[in-house]
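coords26.txt, holding compact mmCIF, C-alpha atoms:
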# COMPACT_ATOMS: atom_id res chain seq x y z
CA MET F 1 137.24 118.04 124.55
CA ASN F 2 138.88 114.97 125.91
CA GLU F 3 136.35 112.43 127.10
CA GLY F 4 138.48 111.43 130.07
CA LEU F 5 138.77 115.05 131.20
CA ARG F 6 135.07 115.50 130.73
CA SER F 7 134.18 112.52 132.90
CA GLU F 8 136.65 113.58 135.58
CA LEU F 9 135.17 117.04 135.68
CA SER F 10 131.61 115.75 135.79
CA LYS F 11 132.52 113.59 138.81
CA GLN F 12 133.55 116.80 140.52
CA GLY F 13 130.26 118.43 139.62
CA ILE F 14 131.45 120.49 136.63
CA PHE F 15 129.38 120.00 133.52
CA THR F 16 131.01 120.76 130.15
CA THR F 17 129.54 120.77 126.72
CA THR F 18 129.82 122.51 123.40
CA LEU F 19 127.31 124.87 121.86
CA GLY F 20 126.69 122.41 119.06
CA ASP F 21 125.93 119.58 121.46
CA LEU F 22 123.55 121.72 123.48
CA TYR F 23 121.78 122.99 120.40
CA ASN F 24 121.33 119.53 118.97
CA TRP F 25 120.28 118.09 122.33
CA GLY F 26 117.50 120.60 122.58
CA ARG F 27 116.41 119.96 118.99
CA LYS F 28 116.44 116.20 119.07
CA ASN F 29 114.55 115.85 122.33
CA SER F 30 111.62 117.98 121.29
CA VAL F 31 110.75 116.87 117.78
CA TRP F 32 107.07 117.61 117.26
CA PRO F 33 105.48 115.58 114.50
CA LEU F 34 102.74 116.70 112.17
CA GLN F 35 99.47 114.77 112.26
CA PHE F 36 99.79 113.03 108.94
CA GLY F 37 98.31 109.58 108.62
CA LEU F 38 97.17 108.59 105.18
CA ALA F 39 96.29 104.90 105.39
CA CYS F 40 96.82 101.80 107.52
CA CYS F 41 100.25 102.87 108.80
CA ALA F 42 98.44 105.71 110.52
CA ILE F 43 96.86 103.18 112.88
CA GLU F 44 100.29 101.91 113.87
CA MET F 45 101.43 105.49 114.33
CA ILE F 46 98.47 106.15 116.59
CA ALA F 47 99.26 102.97 118.53
CA THR F 48 102.80 104.25 119.00
CA THR F 49 101.50 107.39 120.64
CA MET F 50 99.18 105.53 122.96
CA ALA F 51 99.92 104.15 126.38
CA ARG F 52 101.83 100.95 125.58
CA TYR F 53 104.48 102.28 123.20
CA ASP F 54 104.39 105.88 124.27
CA LEU F 55 106.17 108.11 121.76
CA ALA F 56 105.77 111.17 123.94
CA ARG F 57 108.55 110.00 126.23
CA PHE F 58 110.96 110.56 123.31
CA GLY F 59 109.95 114.15 122.92
CA ALA F 60 107.11 113.86 120.44
CA GLU F 61 104.93 115.38 123.07
CA VAL F 62 102.03 116.41 120.91
CA PHE F 63 101.19 115.87 117.26
CA ARG F 64 100.62 119.30 115.80
CA PRO F 65 97.65 119.80 113.52
CA SER F 66 99.26 122.72 111.71
CA PRO F 67 102.38 122.30 109.57
CA ARG F 68 103.65 125.68 110.70
CA GLN F 69 104.25 124.33 114.19
CA ALA F 70 105.70 120.94 113.35
CA ASP F 71 109.27 119.75 112.77
CA LEU F 72 108.67 116.25 111.56
CA MET F 73 106.34 114.80 108.97
CA ILE F 74 105.74 111.06 109.36
CA VAL F 75 104.29 110.05 106.00
CA ALA F 76 102.31 107.02 107.10
CA GLY F 77 100.42 105.26 104.37
CA THR F 78 99.99 105.08 100.62
CA VAL F 79 100.53 108.39 98.86
CA THR F 80 98.12 108.57 95.95
CA LYS F 81 98.90 110.74 92.95
CA LYS F 82 95.86 112.84 93.80
CA MET F 83 97.24 113.51 97.29
CA ALA F 84 100.89 114.00 96.32
CA PRO F 85 100.70 117.76 95.53
CA GLN F 86 99.05 118.34 98.90
CA VAL F 87 101.83 116.39 100.68
CA VAL F 88 104.48 118.52 98.99
CA ARG F 89 102.53 121.68 99.77
CA LEU F 90 102.32 120.75 103.46
CA TYR F 91 106.04 119.99 103.47
CA ASN F 92 106.76 123.40 101.98
CA GLN F 93 104.71 125.05 104.69
CA MET F 94 106.75 123.48 107.49
CA PRO F 95 109.45 125.84 108.76
CA GLU F 96 113.07 124.69 108.83
CA PRO F 97 114.54 122.57 110.39
CA LYS F 98 112.20 119.88 109.15
CA TYR F 99 112.53 116.15 108.75
CA VAL F 100 110.55 113.43 106.99
CA ILE F 101 110.10 109.83 108.03
CA ALA F 102 108.69 107.58 105.31
CA MET F 103 106.77 104.95 107.25
CA GLY F 104 105.79 101.72 105.63
CA ALA F 105 106.35 100.16 102.24
CA CYS F 106 103.85 102.42 100.50
CA ALA F 107 105.58 105.64 101.45
CA ILE F 108 109.00 104.25 100.54
CA SER F 109 108.24 102.85 97.11
CA GLY F 110 104.54 102.37 96.51
CA GLY F 111 104.37 99.17 98.50
CA PRO F 112 101.95 96.36 97.68
CA PHE F 113 99.85 98.72 95.58
CA LYS F 114 102.76 99.79 93.42
CA GLN F 115 101.14 99.03 90.07
CA GLY F 116 97.98 100.94 90.92
CA TYR F 117 96.94 103.67 88.56
CA ASN F 118 96.71 106.24 91.33
CA VAL F 119 99.64 105.18 93.54
CA LEU F 120 102.74 107.34 93.77
CA LYS F 121 105.76 105.08 93.90
CA GLY F 122 107.26 106.55 97.03
CA ILE F 123 107.08 110.01 98.54
CA ASP F 124 110.84 110.40 98.13
CA ARG F 125 110.20 111.19 94.48
CA PHE F 126 109.24 114.70 95.50
CA ILE F 127 110.58 115.52 98.96
CA PRO F 128 113.81 114.51 100.71
CA VAL F 129 113.29 111.72 103.21
CA ASP F 130 115.56 111.26 106.23
CA VAL F 131 114.49 107.89 107.63
CA HIS F 132 112.72 105.05 105.87
CA ILE F 133 110.91 102.41 107.90
CA PRO F 134 110.26 99.15 106.08
CA GLY F 135 107.23 97.14 107.05
CA CYS F 136 103.63 96.69 106.13
CA PRO F 137 102.79 98.09 108.59
CA PRO F 138 105.92 98.53 110.68
CA ARG F 139 105.43 97.67 114.30
CA PRO F 140 105.31 100.51 116.85
CA GLU F 141 108.74 99.44 118.03
CA ALA F 142 110.01 100.02 114.49
CA LEU F 143 108.59 103.53 114.49
CA ILE F 144 110.25 104.21 117.82
CA HIS F 145 113.53 102.89 116.43
CA ALA F 146 113.14 105.20 113.44
CA PHE F 147 112.49 108.10 115.76
CA MET F 148 115.64 107.28 117.71
CA THR F 149 117.58 106.99 114.43
CA LEU F 150 116.34 110.43 113.52
CA GLN F 151 117.44 111.73 116.91
CA LYS F 152 120.87 110.22 116.37
CA LYS F 153 121.02 111.84 112.95
CA ILE F 154 120.12 115.24 114.39
CA ASP F 155 122.71 114.77 117.11
CA GLU F 156 125.46 114.16 114.58
CA GLN F 157 124.76 117.25 112.52
CA LYS F 158 127.66 119.69 112.69
CA LEU F 159 126.51 123.25 112.71
CA THR F 160 129.26 124.80 110.61
CA GLY F 161 131.24 123.69 107.68
CA ARG F 162 130.35 121.85 104.51
CA ASP F 163 128.03 119.28 106.08
CA ARG F 164 125.89 121.71 107.97
CA PRO F 165 122.19 121.00 107.97
CA ARG F 166 119.81 122.51 105.48
CA HIS F 167 118.37 125.13 107.76
CA LEU F 168 121.74 126.73 108.43
CA ASP F 169 122.73 126.73 104.77
CA PRO F 170 121.25 129.69 102.90
CA ASP F 171 121.84 128.06 99.51
CA ALA F 172 120.02 124.81 100.19
CA PRO F 173 116.39 124.71 99.04
CA SER F 174 113.76 124.32 101.70
CA GLU F 175 110.74 124.40 99.40
CA PHE F 176 110.24 121.93 96.62
CA PRO F 177 108.14 122.34 93.50
CA VAL F 178 104.59 121.09 93.79
CA PRO F 179 103.63 118.66 91.02
CA LYS F 180 100.64 119.55 88.88
CA PHE F 181 97.86 117.30 87.69
CA GLY F 182 98.45 116.28 84.10
CA GLU F 183 96.18 114.44 81.72
CA HIS F 184 97.68 111.02 82.35
CA ASP F 185 100.08 111.45 85.26
CA LEU F 186 101.56 114.03 87.56
CA ILE F 187 103.74 116.66 85.90
CA PRO F 188 106.59 116.10 86.63
CA SER F 189 106.37 112.46 87.64
CA ASN F 190 109.35 112.89 89.92
CA ASN F 191 111.73 115.60 91.02
CA PRO F 192 115.21 114.89 89.60
CA ALA F 193 116.86 117.18 92.15
CA VAL F 194 115.54 115.01 94.97
CA TRP F 195 115.31 111.52 93.55
CA HIS F 196 117.09 109.53 90.91
CA ALA F 197 116.45 105.86 90.31
CA PRO F 198 119.17 103.83 92.00
CA LYS F 199 121.21 101.96 89.46
CA LEU F 200 120.56 98.27 89.69
CA VAL F 201 123.34 96.02 88.47
CA ARG F 202 121.83 92.95 86.92
CA GLU F 203 123.53 89.83 85.75
CA GLY F 204 122.92 88.63 82.22
CA MET R 1 62.17 84.79 97.45
CA ASP R 2 60.64 84.28 94.05
CA SER R 3 62.74 82.75 91.36
CA LEU R 4 64.17 84.97 88.65
CA GLU R 5 61.53 83.80 86.17
CA GLN R 6 58.74 84.84 88.52
CA ILE R 7 60.36 88.21 89.13
CA LYS R 8 60.75 88.68 85.40
CA ALA R 9 57.09 87.86 84.80
CA ARG R 10 56.02 90.27 87.51
CA ILE R 11 58.18 93.05 86.08
CA GLU R 12 56.82 92.54 82.61
CA SER R 13 53.25 92.68 83.81
CA ALA R 14 53.76 95.75 85.98
CA VAL R 15 55.90 97.87 83.64
CA SER R 16 54.47 97.68 80.16
CA GLY R 17 56.99 97.51 77.38
CA ALA R 18 59.88 96.55 79.64
CA ARG R 19 62.28 94.08 78.10
CA VAL R 20 63.93 91.87 80.69
CA ASP R 21 66.34 89.05 79.80
CA ILE R 22 67.81 86.48 82.11
CA ILE R 23 71.55 86.09 81.56
CA PRO R 24 72.63 82.50 82.31
CA ASN R 25 75.68 81.69 84.37
CA GLU R 26 77.49 78.40 83.86
CA SER R 27 79.99 78.92 86.67
CA PRO R 28 79.66 77.04 89.99
CA SER R 29 77.94 80.01 91.63
CA ALA R 30 75.12 79.83 89.05
CA GLN R 31 74.14 83.39 89.85
CA ARG R 32 71.88 84.53 87.03
CA THR R 33 71.23 88.16 86.34
CA LEU R 34 68.50 90.27 84.80
CA LEU R 35 69.39 92.47 81.84
CA LEU R 36 67.27 95.61 81.53
CA ASP R 37 66.79 97.96 78.61
CA HIS R 38 67.58 101.63 78.91
CA ALA R 39 64.15 103.15 78.36
CA HIS R 40 62.38 101.33 81.18
CA ALA R 41 65.27 100.84 83.61
CA VAL R 42 64.18 103.49 86.10
CA ALA R 43 60.56 102.29 86.03
CA VAL R 44 61.64 98.67 86.57
CA ALA R 45 63.98 99.72 89.38
CA THR R 46 61.22 101.68 91.08
CA PHE R 47 58.92 98.66 90.78
CA LEU R 48 61.59 96.37 92.27
CA ARG R 49 62.04 98.73 95.17
CA ASP R 50 58.39 99.37 95.92
CA ASP R 51 56.50 96.16 95.11
CA PRO R 52 55.36 94.70 98.47
CA GLN R 53 56.45 91.17 97.61
CA ILE R 54 59.89 92.00 96.23
CA ARG R 55 60.89 95.17 98.19
CA LEU R 56 64.53 95.33 97.06
CA ASP R 57 65.31 98.48 98.95
CA TYR R 58 69.06 98.14 99.50
CA CYS R 59 71.51 98.52 96.64
CA SER R 60 74.66 97.09 98.14
CA ASN R 61 77.06 97.37 95.23
CA VAL R 62 77.24 98.95 91.82
CA THR R 63 80.17 97.98 89.67
CA GLY R 64 81.28 98.32 86.08
CA VAL R 65 82.53 95.75 83.61
CA ASP R 66 84.43 96.31 80.38
CA TRP R 67 83.73 93.76 77.65
CA LEU R 68 86.04 94.00 74.67
CA ASP R 69 85.18 92.87 71.15
CA LEU R 70 85.07 89.12 71.16
CA ALA R 71 85.83 87.05 68.09
CA TYR R 72 84.47 83.54 68.36
CA LYS R 73 83.88 80.60 66.13
CA GLU R 74 80.53 78.99 65.70
CA LYS R 75 79.51 75.79 64.01
CA VAL R 76 76.96 76.58 61.32
CA LYS R 77 75.21 74.29 58.90
CA ILE R 78 75.90 75.53 55.37
CA LYS R 79 74.68 74.03 52.15
CA LYS R 80 77.78 73.25 50.15
CA LEU R 81 78.63 71.36 47.04
CA VAL R 82 80.64 68.28 48.06
CA ASP R 83 81.68 65.84 45.34
CA GLY R 84 78.92 67.10 43.12
CA VAL R 85 76.21 66.46 45.71
CA GLU R 86 74.65 69.34 47.61
CA LYS R 87 74.84 68.52 51.31
CA GLU R 88 74.53 70.30 54.60
CA VAL R 89 77.98 70.58 56.10
CA ASP R 90 79.13 71.78 59.50
CA GLU R 91 81.53 74.67 59.17
CA GLN R 92 83.31 76.92 61.61
CA VAL R 93 82.29 80.51 60.98
CA GLU R 94 84.08 83.46 62.55
CA LYS R 95 81.68 85.75 64.31
CA ASN R 96 82.33 88.98 66.14
CA ARG R 97 80.46 90.14 69.23
CA PRO R 98 81.07 93.89 69.53
CA GLY R 99 82.25 95.21 72.88
CA TYR R 100 80.24 97.19 75.39
CA LEU R 101 80.42 98.58 78.90
CA GLU R 102 78.15 97.29 81.60
CA ALA R 103 76.91 98.41 85.03
CA VAL R 104 75.93 95.66 87.48
CA TYR R 105 73.72 96.36 90.50
CA HIS R 106 73.48 94.00 93.49
CA LEU R 107 70.13 94.44 95.24
CA TYR R 108 69.05 93.11 98.62
CA SER R 109 65.91 93.53 100.65
CA MET R 110 66.21 94.81 104.20
CA ALA R 111 62.45 94.73 104.75
CA LEU R 112 61.82 91.16 103.61
CA LYS R 113 65.34 89.87 104.21
CA HIS R 114 65.96 88.24 100.85
CA GLY R 115 68.27 88.72 97.95
CA PRO R 116 70.43 89.18 96.08
CA VAL R 117 68.85 90.09 92.79
CA ILE R 118 71.42 91.27 90.29
CA ILE R 119 70.55 93.53 87.38
CA ARG R 120 72.71 94.67 84.49
CA LEU R 121 72.58 97.64 82.16
CA ARG R 122 74.65 97.54 78.98
CA THR R 123 75.82 100.41 76.80
CA GLU R 124 75.71 100.12 73.04
CA ASN R 125 79.41 100.39 72.46
CA ARG R 126 82.62 101.31 74.20
CA SER R 127 83.37 104.54 72.42
CA ASP R 128 80.65 107.10 71.79
CA LYS R 129 77.37 105.50 72.89
CA ASN R 130 78.33 105.10 76.54
CA HIS R 131 75.27 106.59 78.26
CA LEU R 132 73.15 104.72 80.77
CA PRO R 133 70.17 105.85 82.87
CA SER R 134 71.21 106.51 86.44
CA LEU R 135 69.48 104.50 89.18
CA THR R 136 70.60 106.93 91.90
CA PRO R 137 67.12 108.51 92.12
CA VAL R 138 65.82 105.03 93.03
CA TRP R 139 68.61 103.84 95.36
CA ARG R 140 70.51 106.71 96.99
CA GLY R 141 73.44 104.46 97.78
CA GLY R 142 74.40 104.33 94.15
CA GLU R 143 75.44 107.96 94.04
CA PHE R 144 79.14 107.55 94.83
CA GLN R 145 79.37 104.17 93.17
CA GLU R 146 78.07 105.48 89.86
CA ARG R 147 80.58 108.32 90.15
CA GLU R 148 83.29 105.70 90.57
CA ILE R 149 82.09 103.84 87.47
CA PHE R 150 82.08 107.10 85.55
CA ASP R 151 85.63 107.80 86.70
CA LEU R 152 87.11 104.38 86.06
CA TYR R 153 85.11 103.05 83.08
CA GLY R 154 83.72 106.10 81.34
CA ILE R 155 80.00 105.28 81.50
CA VAL R 156 77.98 108.52 81.62
CA PHE R 157 74.92 108.19 83.85
CA ASP R 158 72.03 110.39 82.72
CA GLY R 159 70.02 111.71 85.65
CA HIS R 160 72.80 111.46 88.19
CA PRO R 161 72.69 114.47 90.55
CA ASP R 162 76.44 115.08 90.68
CA LEU R 163 78.44 113.19 88.09
CA ARG R 164 82.15 113.93 88.33
CA ARG R 165 85.34 112.02 89.00
CA ILE R 166 85.70 110.64 92.48
CA LEU R 167 89.05 108.87 92.66
CA MET R 168 91.19 110.47 89.97
CA TRP R 169 91.58 114.23 89.62
CA ASP R 170 89.28 116.24 87.41
CA GLY R 171 91.76 116.90 84.62
CA PHE R 172 92.54 113.21 84.17
CA THR R 173 91.52 111.97 80.75
CA ASP R 174 91.84 108.21 80.88
CA HIS R 175 89.54 105.61 82.36
CA PRO R 176 91.89 103.36 84.31
CA MET R 177 89.81 100.21 84.70
CA ARG R 178 89.25 99.76 80.99
CA LYS R 179 91.05 96.83 79.49
CA ASP R 180 92.93 99.02 77.02
CA TYR R 181 94.26 101.48 79.59
CA ILE R 182 97.96 102.21 79.21
CA GLU R 183 99.48 103.35 82.44
CA PRO R 184 102.25 106.00 82.62
CA ASP R 185 105.80 104.73 82.68
CA ASP R 186 107.24 105.27 86.14
CA TYR R 187 108.96 101.89 86.40
CA GLU R 188 112.46 103.28 86.69
CA TYR R 189 113.27 101.43 89.91
CA GLU R 190 112.15 97.80 90.09
CA PRO R 191 114.39 95.60 92.24
CA THR R 192 112.54 92.31 91.75
CA PRO R 193 110.36 92.46 88.66
CA HIS R 194 108.79 89.50 86.97
CA ASP R 195 106.15 88.83 84.29
CA GLU R 196 104.46 92.01 83.03
CA VAL R 197 106.35 94.32 85.34
CA LEU R 198 109.59 92.89 83.98
CA GLU R 199 108.56 93.91 80.48
CA LYS R 200 107.80 97.42 81.62
CA ALA R 201 110.98 97.68 83.67
CA LYS R 202 113.13 96.49 80.77
CA GLN R 203 112.32 99.63 78.86
CA ASN R 204 113.97 101.66 81.57
CA TYR R 205 117.13 99.62 81.83
CA GLN R 206 120.23 101.67 81.25
CA PRO R 207 122.71 99.96 78.95
CA GLU R 208 125.61 100.23 81.40
CA ALA R 209 123.66 98.63 84.23
CA LYS R 210 124.17 95.14 82.83
CA LEU R 211 127.23 93.19 83.93
What do you get writing this file as structure tokens?
Amino acid sequence: MNEGLRSELSKQGIFTTTLGDLYNWGRKNSVWPLQFGLACCAIEMIATTMARYDLARFGAEVFRPSPRQADLMIVAGTVTKKMAPQVVRLYNQMPEPKYVIAMGACAISGGPFKQGYNVLKGIDRFIPVDVHIPGCPPRPEALIHAFMTLQKKIDEQKLTGRDRPRHLDPDAPSEFPVPKFGEHDLIPSNNPAVWHAPKLVREG
Amino acid sequence: MDSLEQIKARIESAVSGARVDIIPNESPSAQRTLLLDHAHAVAVATFLRDDPQIRLDYCSNVTGVDWLDLAYKEKVKIKKLVDGVEKEVDEQVEKNRPGYLEAVYHLYSMALKHGPVIIRLRTENRSDKNHLPSLTPVWRGGEFQEREIFDLYGIVFDGHPDLRRILMWDGFTDHPMRKDYIEPDDYEYEPTPHDEVLEKAKQNYQPEAKL
């Protein structure tokens, strides 16, 4: 639809849209997160939902306690290897469409505690992450920016065709294997279908 | 508060057969500690908690230490034949102090407002004789901390009400805080490694990633 025609029509009181736009508008403006704070980033997440940096005005009206009712999992805090199978299990229990925001350095790559014996080096080793927020901890404004980035990403999803989102694609996996506790480490230590180490080009 | 020597004398008179040593400390903090033997540890701890002049009723911290085998040189006078004359000569002799695991308790008194008094318990070696008496029946606050020492160092506390791993999962077999712990290799992605991490990351370098 031509943008000029659309604006002319809307000046006359005729509102035009496409089904895809309407569908995505409804989805992006009512993203309900799952209550999931693990460590210090949880405090910043709580601050974002409080009066000063209200996240509810963006649609995150209420943080759901049950994964079955949530669309978004904000992984806020260090993911320990002991907790990682539970994180993946909760992610599997969320119904599609579901999104993950990795908040803070620990959820992205292990953060300042990366060499710890119990620290998982990033939750994106096991589940697909949509938005990463750097910071230790990221400010509430950064979490709001990540939320808006996620909304923009949802808005740009085309409903048909090759790039359609996971929940409209019957072949895409929506549940990911839960790692088991091994004798020295998690088995497997990462999920190759979801994560591969980015190739770093080094000089010399 | 009494000095450590006075406390030691009082312990030895109250608990017969107890062997208490004062471990010196040459660092600037000069915090000396009492080393207890296994057989009388619970009796000594009960005395320290209940004696009206000492009343150490608050165990603020229990931690573990891993001492590896230490090879050191000592100057010893040996009778040797030098130029046909038997003389006493100073010689460097290699000695070995075998390793052990240790539990250190920091004790304070809430009733009399003094402290800290620090006591140590040492195991016999790092491999099979790693049992220590648990002081949880004396100070309840040691329950979780002794579980943590069991998880991370491998010291088994006899008499602990609920000894199992607290930080790592139950099927884990290593003891991560020991000095010879080898961590699993998940260093595939290290953007800015240096020192030890660089060594670990080098093993994951792909050959075609170098310019």
Discussion item. Which polymer residues, whether protein, DNA or RNA, lie within 12 Å of the coordinate (107.8, 118.5, 105.1) when you count all atoms listed in the file? List them as a VMD selection string, using the chain letters and numbers from the file.
Written reply: chain F and resid 33 to 36 66 to 75 85 to 102 123 to 124 126 to 130 174 to 176
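Selected on chain R by distance to chain F: Leu167, Met168, Trp169, Asp170, Gly171, Phe172, Thr173, Asp174, Pro176, Met177, Glu183, Pro184, Asp186, Tyr187, Glu188, Tyr189, Glu190, Pro191, Val197, Tyr205, Gln206, Glu208, Ala209, Lys210 and Leu211 of chain R (within 9 Å, counting all atoms listed in the file).
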Practice prompt. Might you pull out every residue within 12 Å of Glu143 (chain R), with only C-alpha atoms counted and same-chain residues fewer than 3 positions away left off, and present them as a count of residues only?
Written response: 26
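All residues of protein, DNA or RNA that reach within 10 Å of Ile7 (chain R), judged by only C-alpha atoms and not counting those fewer than 5 positions away in the chain, are Met1, Asp2, Glu12, Ser13, Val20, Leu34, Leu48, Gln53, Ile54 and Val117 of chain R.
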Fill in: Straight-line distance linking CA of Pro133 (chain R) with CA of Ala41 (chain R), stated in Å to one decimal
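That distance, rounded to one decimal, is 7.0 Å.
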Worksheet item: Around (103.4, 108.5, 118.4) in the file's own coordinates, what residues are found within 6 Å if you use only C-alpha atoms, given back as a PyMOL selection string?
Response: chain F and resi 45-46+48-49+55
Who sits within 12 Å of Lys80 (chain R), all atoms listed in the file, same chain under 4 positions skipped, as a compact mmCIF listing (two decimals) with C-alpha atoms, in the coordinates of the input:
# COMPACT_ATOMS: atom_id res chain seq x y z
CA VAL R 76 76.96 76.58 61.32
CA GLY R 84 78.92 67.10 43.12
CA VAL R 85 76.21 66.46 45.71
CA GLU R 86 74.65 69.34 47.61
CA LYS R 87 74.84 68.52 51.31
CA GLU R 88 74.53 70.30 54.60
CA VAL R 89 77.98 70.58 56.10
CA ASP R 90 79.13 71.78 59.50
CA GLU R 91 81.53 74.67 59.17
Fill in: Pairwise distance for CA of Gly104 (chain F) and CA of His132 (chain F), rounded to one decimal in Å
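The value is 7.7 Å.
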Discussion item. Which residues are near Lys113 (chain R)? Cut-off 10 Å, all atoms listed in the file, ignore same chain within fewer than 3 positions. Put them as a VMD selection string.
Written reply: chain R and resid 1 54 to 56 108 to 110 116
Practice prompt. Measure the distance from CA of Glu5 (chain R) to CA of Ile118 (chain R) in Å and round it to one decimal.
Written response: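 CA of Ile118 (chain R) lies at a distance of 13.1 Å from CA of Glu5 (chain R).
Among the candidate residues R:Leu121, R:Val104, R:Leu81, R:Leu70, the one lying nearest to Arg19 (chain R) is R:Leu121, with distances computed using only C-alpha atoms.
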Discussion item. Which residues are near Gly77 (chain F)? Cut-off 9 Å, all atoms listed in the file, ignore same chain within fewer than 5 positions. Put them as a ChimeraX atom specification.
Written reply: /F:37-42,102-107,137
Completed region 110-116 of chain F (all heavy atoms) as an mmCIF file, keeping the file's coordinate frame:
data_model
loop_
_atom_site.group_PDB
_atom_site.id
_atom_site.type_symbol
_atom_site.label_atom_id
_atom_site.label_comp_id
_atom_site.auth_asym_id
_atom_site.auth_seq_id
_atom_site.Cartn_x
_atom_site.Cartn_y
_atom_site.Cartn_z
ATOM 1 N N GLY F 110 105.807 102.781 97.104
ATOM 2 C CA GLY F 110 104.540 102.370 96.510
ATOM 3 C C GLY F 110 103.985 101.106 97.131
ATOM 4 O O GLY F 110 102.794 100.864 97.081
ATOM 5 N N GLY F 111 104.851 100.281 97.707
ATOM 6 C CA GLY F 111 104.370 99.170 98.500
ATOM 7 C C GLY F 111 103.631 98.107 97.704
ATOM 8 O O GLY F 111 103.886 97.898 96.528
ATOM 9 N N PRO F 112 102.679 97.419 98.372
ATOM 10 C CA PRO F 112 101.950 96.360 97.680
ATOM 11 C C PRO F 112 101.040 96.873 96.585
ATOM 12 O O PRO F 112 100.604 96.112 95.728
ATOM 13 C CB PRO F 112 101.139 95.700 98.800
ATOM 14 C CG PRO F 112 101.129 96.668 99.905
ATOM 15 C CD PRO F 112 102.313 97.524 99.774
ATOM 16 N N PHE F 113 100.764 98.172 96.583
ATOM 17 C CA PHE F 113 99.850 98.720 95.580
ATOM 18 C C PHE F 113 100.615 99.433 94.493
ATOM 19 O O PHE F 113 100.100 100.318 93.837
ATOM 20 C CB PHE F 113 98.886 99.689 96.242
ATOM 21 C CG PHE F 113 98.294 99.148 97.499
ATOM 22 C CD1 PHE F 113 98.575 99.703 98.712
ATOM 23 C CD2 PHE F 113 97.472 98.030 97.449
ATOM 24 C CE1 PHE F 113 98.041 99.181 99.877
ATOM 25 C CE2 PHE F 113 96.939 97.508 98.601
ATOM 26 C CZ PHE F 113 97.225 98.087 99.820
ATOM 27 N N LYS F 114 101.854 99.021 94.258
ATOM 28 C CA LYS F 114 102.760 99.790 93.420
ATOM 29 C C LYS F 114 102.255 99.947 91.998
ATOM 30 O O LYS F 114 102.472 100.961 91.371
ATOM 31 C CB LYS F 114 104.107 99.082 93.410
ATOM 32 C CG LYS F 114 105.158 99.838 92.720
ATOM 33 C CD LYS F 114 106.507 99.220 92.936
ATOM 34 C CE LYS F 114 107.539 100.159 92.359
ATOM 35 N NZ LYS F 114 108.879 99.833 92.743
ATOM 36 N N GLN F 115 101.560 98.924 91.467
ATOM 37 C CA GLN F 115 101.140 99.030 90.070
ATOM 38 C C GLN F 115 99.794 99.707 89.927
ATOM 39 O O GLN F 115 99.231 99.725 88.855
ATOM 40 C CB GLN F 115 101.041 97.632 89.467
ATOM 41 C CG GLN F 115 102.380 96.947 89.403
ATOM 42 C CD GLN F 115 102.212 95.505 89.072
ATOM 43 O OE1 GLN F 115 101.469 95.172 88.161
ATOM 44 N NE2 GLN F 115 102.865 94.636 89.802
ATOM 45 N N GLY F 116 99.258 100.280 91.018
ATOM 46 C CA GLY F 116 97.980 100.940 90.920
ATOM 47 C C GLY F 116 98.053 102.186 90.068
ATOM 48 O O GLY F 116 99.081 102.846 90.002
#
